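Enquirer: This is the structure I have questions about; it appears just below.
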Amino acid sequence: MAAADMNAAGLRRDERAERWRLFGLSSPALLLVLVILVIPVGWLFYVSFIGADGTFSLENYERMIKRKSYSRIFITTFQVSLLTTGLCILIGYPLAYFMSQLPVKWANLCLITVLLPFWTSLLVRTYAWLVLLQKQGLVNQWAISMGLWDEPLKFVHNMTGTLIGMVHIMLPFLILPVYGAMRAIDGDYLKAASNLGASPRRAFWTVFFPLSTPGLFAGSLMVFVLCLGFFVTPAVLGGGRVIMVSMKIVSNIELFVNWGAASALGVVLLLMTAVILWIASRFLKLEQMTGGGH
Amino acid sequence: MTTKPDALPITVRGVTKTYGRVRALDDVSLDVKSGEFLTLLGPSGSGKTTLLMVLAGFTRPDKGSLKFGEHEMIRTAPHLRGVGMVFQNYALFPHMTVAGNVGYPLRLRGTPKAEMAERIERALDLVQLGGYGKRGIEQLSGGQKQRVALARSIVFEPRILLMDEPLSALDKKLRDRMQIELRHLHEQLGMTTVYVTHDQREALTMSDRIAVVNHGRIMQLAEPQQLYDRPENKFVADFIGDSSFLPVMRGGAGVTFGDMAIRMDGAVPDADSLLLMIRPERARLLNGETPEDTNVFEATVTELVYQGESYLLYARLKDGSEIAVRGAIREGTYQNLPRAGDTARLGLHRADTVVIAGEDA
C-alpha cells in the first residue's frame, strides 16, 4: 500500500507549486496585457454605446447603418485594401521568387534593401511620394520633358496616389513571409518534378507555386488587415477624396468631438478584422504567419 | 535476370566535372549494360553522387559524352531524359496525396484518367502499398515514403532507374529487408538501374556489378565477389570489407614477406610496391598443426575483442605490422583463445592469399 502511492502526495504538491511559480513569473506580462489591451478595448466598447446625451444608446451604430456616407467609407476601405493587397502580390511575389533563387549571400543583401524603407519614418516616405508625384513633381516634369505625356497627370490627391503610397509601404509585409516560404521549399522537389517529366514552367505551377501559397496567403492577409486600419498614407496622398474608416474616426473626434461615433467605428473595424482573421485561420494555420510553421 | 526488351544500356565517356580546383569527376568512362543493376560505391565526396546527377541531368559536366542506348544525352534537359529517380530524402510532394505523387508523372504525360488510376494502383501494389492512394504524405512512415518514392519513379515505366542512397534514412532492419525487395523488384522490372551508396554491404547484397569510386575516378568495376576477393588496389581492398596489409617483395616465383616465401594461387600484379591483403575472416588461428598450402605467421596477440557472433583478434608480427583474425564463437571456444601477450600462429590458405598493388593506380 505504501509502495503504491510512494511520494504521490509530495509529487502532486511539487506539480502544483510549479504551476503557481509559472503563473507568478508570467503575471507582469499578463498585467501589461490587461492594462494596455483589455482595459482600453473594453473602454472603447463602452464609449461606443454612449449616446450624445450621455446615456446608453445604440445611436452610434444606427447612424452607421442609416447614413450612406458610412457605407461608402467601408466600401472604400475594402477597395483600397483589396487593391493594395493585389498589387503587392503582383509586385512582391515575383520579387520574392527572384530572391529565393539567389545565393543566400545575395538574397540577404536584397532583403536588406527591401527592409531599408522601414528605417525611414512612414510620414517622411509618404510626403516624399507627394513631392515626387505632384503636378510639378519630379515624375511629371521628367515625363513631360521626355515627351511621354503632355499635360501633368494627376498622381496624388486621388486613388492612384493612395495606392502607390500604400503598396510601397506594405510591400515588405508581403515579401517577407513569401520569401520565407519559398526558401523553405526543398530544391529536391523541383528536381523530382523535373525528373518525372515536368518542364520548368510546369514544375513551377504544379510544385513550387502550391508549396509557396501558405506564405503568400499569410503575407496577403497581413497586408490586407494592416490596410484596413491605415491612416497616414491615404490621408496625405488621397487628398480627402479617398476616405477610409480610420480617417472618419479622426474627423469624428477632431471635427465633431463625438467620441461615441469614433468608438463605434473603431469597434466595427476591430470586429471586421477579427472576423477576417478567424475566417482565414480556418484555411491556414496562423502560426505560419509568425514563422512558427513548417 | 529477365531483361525487358526496352531496357537501355548507358555509355559514359570521358566525363569531367570540376568545382573550382576540385575534380569531382575526373575523365570517367563507364558502361552500364542493358538491364543491369550497377552500384556506384564510394565514400562521401568521392564523386558518386555527382556522376548520378550527371546521368539524371541535374549536373552539367565540363566535358564528356553520355549515351542512353544510341542517343547522346549529355545536353538533354532533365525533364526530357525519361529516367526514373529515387531521391535520398524521397522528395515526395507534401501537397499531394500518395496517389497524387505516384500519378504525377502520368498526369504530365496526359495519361487518360481511367488508365492512370489503374497504373497508380498497379505501381502501389508492386511496392506493397495497395490501397494507400488516398493517404497524405505526412501520414506515412519512413519505409512507406521510400516505397511511394519508388512507385513514383517506376510508374511511367522509365527504361533507366537511378537511385541516390534511397535506404540511408531507414533503420537497419528495414534497410536489410528493402535491399532484398529492391533486388526482387529489379528482377521483375528489369530496367537498367544505377544505384548510389556508401554502404559496402548494401552494394555487395544488391548489385550485378559495383563501380568503386574515389576522387572522381572509378577505382575498380567488377562483380561483388570479384571485388571482394580480388581487389585491384589498396583503396578498394581497404574500402570494401576489413583487411590487414603486409608489405611484400617480388621474389622467386611469387612474393616474399621478410625471408618467407608466400604461397599463393593468384597472379602478382605488375606494380612496384606490393601488399599482401589479409581479410580477418579468411585468416585463422592455428592450434599447433601446420596445414598444407597455408602461409603461417608467428605473432603476439595485442588484443582480443568479443563481438557477439564472432571474436576479433589483433596480433603483431615480428616486423611490427598488425593483422586481424576473425573467428566464429561456438561452445566454449572463446575461453580457450589466446589473450593479449600470448603468442599465436595465424594461417592463411594459399587460395585466400591475395597480393595487390601498393599504390593506387
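Chain labels run A, B, ... following the order of the C-alpha cells; each chain numbers its residues from 1, and ligands are numbered from 1 in the order shown.
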Should the cut-off be 7 Å, what would the residue list for chain A against chain B look like, counting only C-alpha atoms, as a list in words?
Expert: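 Close enough to count are Asp188, Tyr189, Ala192, Ser194, Asn195, Leu196, Gly197, Ala198, Ser199 and Leu211 of chain A.
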Enquirer: I'd like the contact shell of stretch 298-300 of chain B - 12 Å cut-off, only C-alpha atoms, skipping same-chain residues fewer than 4 positions apart - returned as an MDAnalysis selection string.
Expert: chainID B and resid 260 285:288 290 304 313:325 338:348
Enquirer: Would you put the residues from that selection into a file with C-alpha atoms, as a PDB file, in the first residue's frame?
Expert:
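selection.pdb, freshly written:
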```pdb
ATOM      1  CA  MET B 260      59.389 -16.129 -46.032  1.00  0.00           C
ATOM      2  CA  LEU B 285      44.110 -19.258 -35.623  1.00  0.00           C
ATOM      3  CA  LEU B 286      46.211 -22.453 -35.736  1.00  0.00           C
ATOM      4  CA  ASN B 287      46.486 -24.858 -32.829  1.00  0.00           C
ATOM      5  CA  GLY B 288      49.872 -26.464 -33.174  1.00  0.00           C
ATOM      6  CA  THR B 290      50.589 -26.807 -39.789  1.00  0.00           C
ATOM      7  CA  LEU B 304      41.074  -9.911 -28.201  1.00  0.00           C
ATOM      8  CA  LEU B 313      41.902 -10.949 -32.531  1.00  0.00           C
ATOM      9  CA  TYR B 314      44.616  -8.400 -33.236  1.00  0.00           C
ATOM     10  CA  ALA B 315      48.181  -9.644 -33.380  1.00  0.00           C
ATOM     11  CA  ARG B 316      51.543  -8.076 -34.108  1.00  0.00           C
ATOM     12  CA  LEU B 317      54.120  -9.747 -36.335  1.00  0.00           C
ATOM     13  CA  LYS B 318      57.859  -9.621 -35.748  1.00  0.00           C
ATOM     14  CA  ASP B 319      58.291  -6.742 -38.215  1.00  0.00           C
ATOM     15  CA  GLY B 320      55.729  -4.693 -36.304  1.00  0.00           C
ATOM     16  CA  SER B 321      52.829  -4.911 -38.763  1.00  0.00           C
ATOM     17  CA  GLU B 322      49.488  -5.810 -37.286  1.00  0.00           C
ATOM     18  CA  ILE B 323      46.959  -8.271 -38.628  1.00  0.00           C
ATOM     19  CA  ALA B 324      43.458  -9.127 -37.503  1.00  0.00           C
ATOM     20  CA  VAL B 325      41.799 -12.538 -37.416  1.00  0.00           C
ATOM     21  CA  PRO B 338      44.943 -16.645 -26.588  1.00  0.00           C
ATOM     22  CA  ARG B 339      44.894 -13.319 -24.749  1.00  0.00           C
ATOM     23  CA  ALA B 340      46.953 -10.162 -25.105  1.00  0.00           C
ATOM     24  CA  GLY B 341      50.637 -11.018 -24.704  1.00  0.00           C
ATOM     25  CA  ASP B 342      50.277 -14.674 -25.716  1.00  0.00           C
ATOM     26  CA  THR B 343      51.922 -15.884 -28.886  1.00  0.00           C
ATOM     27  CA  ALA B 344      49.758 -17.227 -31.663  1.00  0.00           C
ATOM     28  CA  ARG B 345      50.170 -18.833 -35.044  1.00  0.00           C
ATOM     29  CA  LEU B 346      47.981 -17.466 -37.789  1.00  0.00           C
ATOM     30  CA  GLY B 347      47.293 -19.318 -41.012  1.00  0.00           C
ATOM     31  CA  LEU B 348      46.225 -18.031 -44.411  1.00  0.00           C
TER      32      LEU B 348
END
```
Enquirer: What's around A:Leu132 at 12 Å? Count only C-alpha atoms, leave out sequence neighbours fewer than 4 positions away in its own chain, and write the answer as a PyMOL selection string.
Expert: chain A and resi 125-128+136-143+154-156+161+164-165+237
Enquirer: Can you work out the spacing between atom CA of A:Val232 and atom CA of A:Leu83 in Å, to one decimal?
Expert: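 Taking atom CA of A:Val232 as the start and atom CA of A:Leu83 as the end point, the length is 17.3 Å.
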Enquirer: For the structure I just gave you, how does DSSP split stretch 54-258 of chain B - specifically, which residues are strand (DSSP E)? Reply as a tab-separated table (two decimals) with N, CA and C atoms, in the first residue's frame.
Expert:
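What landed in selection.tsv:
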```
chain	number	residue	atom	x	y	z
B	63	LYS	N	32.91	18.36	-69.69
B	63	LYS	CA	33.00	17.70	-71.00
B	63	LYS	C	32.67	16.23	-70.84
B	64	GLY	N	32.56	15.54	-71.97
B	64	GLY	CA	32.27	14.12	-71.93
B	64	GLY	C	31.04	13.78	-72.73
B	65	SER	N	30.76	12.51	-72.78
B	65	SER	CA	29.62	12.03	-73.56
B	65	SER	C	28.80	11.07	-72.70
B	66	LEU	N	27.49	11.12	-72.88
B	66	LEU	CA	26.59	10.23	-72.15
B	66	LEU	C	25.56	9.72	-73.13
B	67	LYS	N	25.50	8.41	-73.30
B	67	LYS	CA	24.52	7.86	-74.23
B	67	LYS	C	23.59	6.92	-73.50
B	68	PHE	N	22.27	7.08	-73.76
B	68	PHE	CA	21.28	6.08	-73.37
B	68	PHE	C	20.98	5.31	-74.64
B	71	HIS	N	21.45	7.14	-78.14
B	71	HIS	CA	21.20	8.57	-78.16
B	71	HIS	C	22.13	9.33	-77.22
B	72	GLU	N	22.75	10.35	-77.77
B	72	GLU	CA	23.58	11.25	-76.96
B	72	GLU	C	22.65	12.08	-76.08
B	83	VAL	N	14.24	9.26	-67.38
B	83	VAL	CA	14.77	8.30	-66.42
B	83	VAL	C	14.03	8.49	-65.10
B	84	GLY	N	13.82	7.40	-64.39
B	84	GLY	CA	13.21	7.49	-63.07
B	84	GLY	C	14.31	7.73	-62.05
B	85	MET	N	13.96	8.42	-60.95
B	85	MET	CA	14.98	8.62	-59.93
B	85	MET	C	14.35	8.59	-58.55
B	86	VAL	N	15.03	7.92	-57.64
B	86	VAL	CA	14.60	7.92	-56.24
B	86	VAL	C	15.61	8.77	-55.48
B	160	ILE	N	15.42	3.55	-67.58
B	160	ILE	CA	16.58	3.64	-66.71
B	160	ILE	C	16.10	4.15	-65.35
B	161	LEU	N	16.60	3.53	-64.29
B	161	LEU	CA	16.21	3.95	-62.95
B	161	LEU	C	17.46	4.33	-62.17
B	162	LEU	N	17.44	5.52	-61.57
B	162	LEU	CA	18.57	5.98	-60.78
B	162	LEU	C	18.15	6.05	-59.32
B	163	MET	N	19.03	5.65	-58.42
B	163	MET	CA	18.70	5.72	-57.00
B	163	MET	C	19.86	6.31	-56.22
B	164	ASP	N	19.56	7.36	-55.46
B	164	ASP	CA	20.58	8.07	-54.70
B	164	ASP	C	20.45	7.72	-53.22
B	192	THR	N	17.39	-0.90	-66.49
B	192	THR	CA	18.78	-0.61	-66.17
B	192	THR	C	18.81	0.29	-64.94
B	193	THR	N	19.54	-0.13	-63.91
B	193	THR	CA	19.49	0.59	-62.65
B	193	THR	C	20.89	1.02	-62.22
B	194	VAL	N	21.01	2.28	-61.88
B	194	VAL	CA	22.26	2.77	-61.30
B	194	VAL	C	21.95	3.23	-59.88
B	195	TYR	N	22.68	2.66	-58.94
B	195	TYR	CA	22.37	2.81	-57.53
B	195	TYR	C	23.58	3.40	-56.83
B	196	VAL	N	23.37	4.44	-56.06
B	196	VAL	CA	24.48	5.07	-55.35
B	196	VAL	C	24.39	4.74	-53.87
B	197	THR	N	25.50	4.32	-53.29
B	197	THR	CA	25.51	4.09	-51.85
B	197	THR	C	26.94	4.23	-51.32
B	209	ARG	N	26.96	-5.55	-60.69
B	209	ARG	CA	28.35	-5.10	-60.67
B	209	ARG	C	28.46	-3.85	-59.81
B	210	ILE	N	29.65	-3.62	-59.31
B	210	ILE	CA	29.90	-2.46	-58.45
B	210	ILE	C	31.04	-1.65	-59.05
B	211	ALA	N	30.84	-0.34	-59.14
B	211	ALA	CA	31.94	0.54	-59.51
B	211	ALA	C	32.37	1.28	-58.25
B	212	VAL	N	33.60	1.03	-57.80
B	212	VAL	CA	34.08	1.73	-56.61
B	212	VAL	C	34.67	3.06	-57.06
B	213	VAL	N	34.16	4.15	-56.47
B	213	VAL	CA	34.54	5.49	-56.91
B	213	VAL	C	35.32	6.18	-55.81
B	214	ASN	N	36.41	6.85	-56.21
B	214	ASN	CA	37.14	7.68	-55.25
B	214	ASN	C	37.84	8.80	-56.00
B	217	ARG	N	37.21	9.23	-59.68
B	217	ARG	CA	37.59	8.20	-60.65
B	217	ARG	C	37.04	6.85	-60.23
B	218	ILE	N	36.88	5.97	-61.20
B	218	ILE	CA	36.42	4.62	-60.89
B	218	ILE	C	37.65	3.77	-60.58
B	219	MET	N	37.73	3.32	-59.34
B	219	MET	CA	38.92	2.57	-58.90
B	219	MET	C	38.87	1.13	-59.38
B	220	GLN	N	37.67	0.57	-59.43
B	220	GLN	CA	37.51	-0.79	-59.94
B	220	GLN	C	36.05	-1.02	-60.26
B	221	LEU	N	35.81	-1.72	-61.35
B	221	LEU	CA	34.44	-2.06	-61.74
B	221	LEU	C	34.39	-3.57	-61.88
B	222	ALA	N	33.64	-4.24	-61.02
B	222	ALA	CA	33.64	-5.70	-61.06
B	222	ALA	C	32.40	-6.24	-60.36
B	244	SER	N	43.91	-6.41	-43.37
B	244	SER	CA	45.23	-6.01	-42.91
B	244	SER	C	46.15	-6.12	-44.12
B	245	PHE	N	47.19	-5.31	-44.12
B	245	PHE	CA	48.11	-5.34	-45.25
B	245	PHE	C	49.53	-5.59	-44.75
B	246	LEU	N	50.25	-6.50	-45.44
B	246	LEU	CA	51.65	-6.73	-45.13
B	246	LEU	C	52.48	-6.33	-46.35
B	247	PRO	N	53.54	-5.57	-46.14
B	247	PRO	CA	54.39	-5.21	-47.28
B	247	PRO	C	55.16	-6.45	-47.73
B	248	VAL	N	55.10	-6.76	-49.02
B	248	VAL	CA	55.83	-7.92	-49.54
B	248	VAL	C	56.69	-7.49	-50.73
B	249	MET	N	57.72	-8.34	-51.03
B	249	MET	CA	58.64	-8.02	-52.12
B	249	MET	C	58.48	-9.08	-53.20
B	250	ARG	N	58.73	-8.67	-54.44
B	250	ARG	CA	58.76	-9.65	-55.52
B	250	ARG	C	59.98	-10.55	-55.30
B	251	GLY	N	59.83	-11.87	-55.39
B	251	GLY	CA	60.97	-12.75	-55.18
B	251	GLY	C	60.63	-14.17	-55.58
B	254	GLY	N	57.06	-15.95	-56.80
B	254	GLY	CA	55.97	-15.07	-56.38
B	254	GLY	C	56.48	-13.89	-55.58
B	255	VAL	N	56.06	-13.84	-54.31
B	255	VAL	CA	56.49	-12.75	-53.45
B	255	VAL	C	57.01	-13.31	-52.13
B	256	THR	N	57.78	-12.49	-51.41
B	256	THR	CA	58.27	-12.89	-50.10
B	256	THR	C	57.90	-11.84	-49.07
B	257	PHE	N	57.63	-12.34	-47.86
B	257	PHE	CA	57.40	-11.44	-46.73
B	257	PHE	C	58.58	-11.64	-45.79
```
Enquirer: When you look at A:Ile89 with a cut-off of 10 Å (counting only C-alpha atoms), what residues show up, excluding the ones that are within fewer than 6 positions of it in the same chain? I need them as an NGL selection string.
Expert: :A and (83 or 95-96 or 167 or 171 or 174-175 or 178 or 216-217 or 219-220 or 223)
Enquirer: Would you please give, as a ChimeraX atom specification, all residues of stretch 126-290 of chain B that DSSP assigns to alpha helix (DSSP H) based on the backbone?
Expert: /B:126,142-154,172-189,200-206,224-229,234-239
Enquirer: Nearest residue to A:Ala274 out of A:Thr113, A:Leu228, A:Gly86, A:Ser69, using only C-alpha atoms?
Expert: A:Leu228
Enquirer: State, in Å with one decimal place, the distance from atom CA of A:Met99 to atom CA of A:Leu111.
Expert: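 Between atom CA of A:Met99 and atom CA of A:Leu111 the gap works out to 8.0 Å.
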Enquirer: Name the residues in contact with stretch 135-148 of chain B at a cut-off of 6 Å, using only C-alpha atoms, excluding same-chain residues fewer than 2 positions from it; report them as a tab-separated table (two decimals) with N, CA and C atoms, in the first residue's frame.
Expert:
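Contents of result-v6.tsv, freshly written:
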```tsv
chain	number	residue	atom	x	y	z
B	94	PRO	N	4.72	17.28	-50.71
B	94	PRO	CA	3.90	17.24	-49.48
B	94	PRO	C	2.48	17.74	-49.70
B	97	THR	N	-1.45	13.81	-52.34
B	97	THR	CA	-1.63	12.51	-51.68
B	97	THR	C	-0.63	11.52	-52.28
B	98	VAL	N	-0.67	10.31	-51.75
B	98	VAL	CA	0.16	9.24	-52.29
B	98	VAL	C	-0.17	9.04	-53.78
B	127	VAL	N	4.87	-2.12	-54.84
B	127	VAL	CA	5.69	-1.80	-53.67
B	127	VAL	C	4.93	-2.12	-52.38
B	132	TYR	N	-3.22	2.54	-50.47
B	132	TYR	CA	-2.71	3.68	-49.72
B	132	TYR	C	-2.88	5.00	-50.47
B	133	GLY	N	-3.48	4.94	-51.68
B	133	GLY	CA	-3.52	6.11	-52.56
B	133	GLY	C	-4.02	7.39	-51.93
B	150	LEU	N	9.57	5.09	-54.69
B	150	LEU	CA	9.94	4.07	-55.67
B	150	LEU	C	8.82	3.88	-56.69
B	151	ALA	N	7.58	3.79	-56.18
B	151	ALA	CA	6.43	3.61	-57.08
B	151	ALA	C	6.35	4.78	-58.06
```
Enquirer: Neighbours of B:Arg159 within 6 Å (only C-alpha atoms; same-chain residues fewer than 3 positions away dropped), as a list of chain:residue names?
Expert: B:Ala7, B:Leu8, B:Met191
Enquirer: Restricted to C-alpha atoms, what would the selected residues look like written as a short mmCIF file (atom, residue, chain, number, x, y, z; two decimals), in the first residue's frame?
Expert:
```
data_model
loop_
_atom_site.label_atom_id
_atom_site.label_comp_id
_atom_site.auth_asym_id
_atom_site.auth_seq_id
_atom_site.Cartn_x
_atom_site.Cartn_y
_atom_site.Cartn_z
CA ALA B 7 15.89 -1.57 -71.14
CA LEU B 8 18.68 0.72 -72.26
CA MET B 191 15.16 -1.73 -66.04
#
```
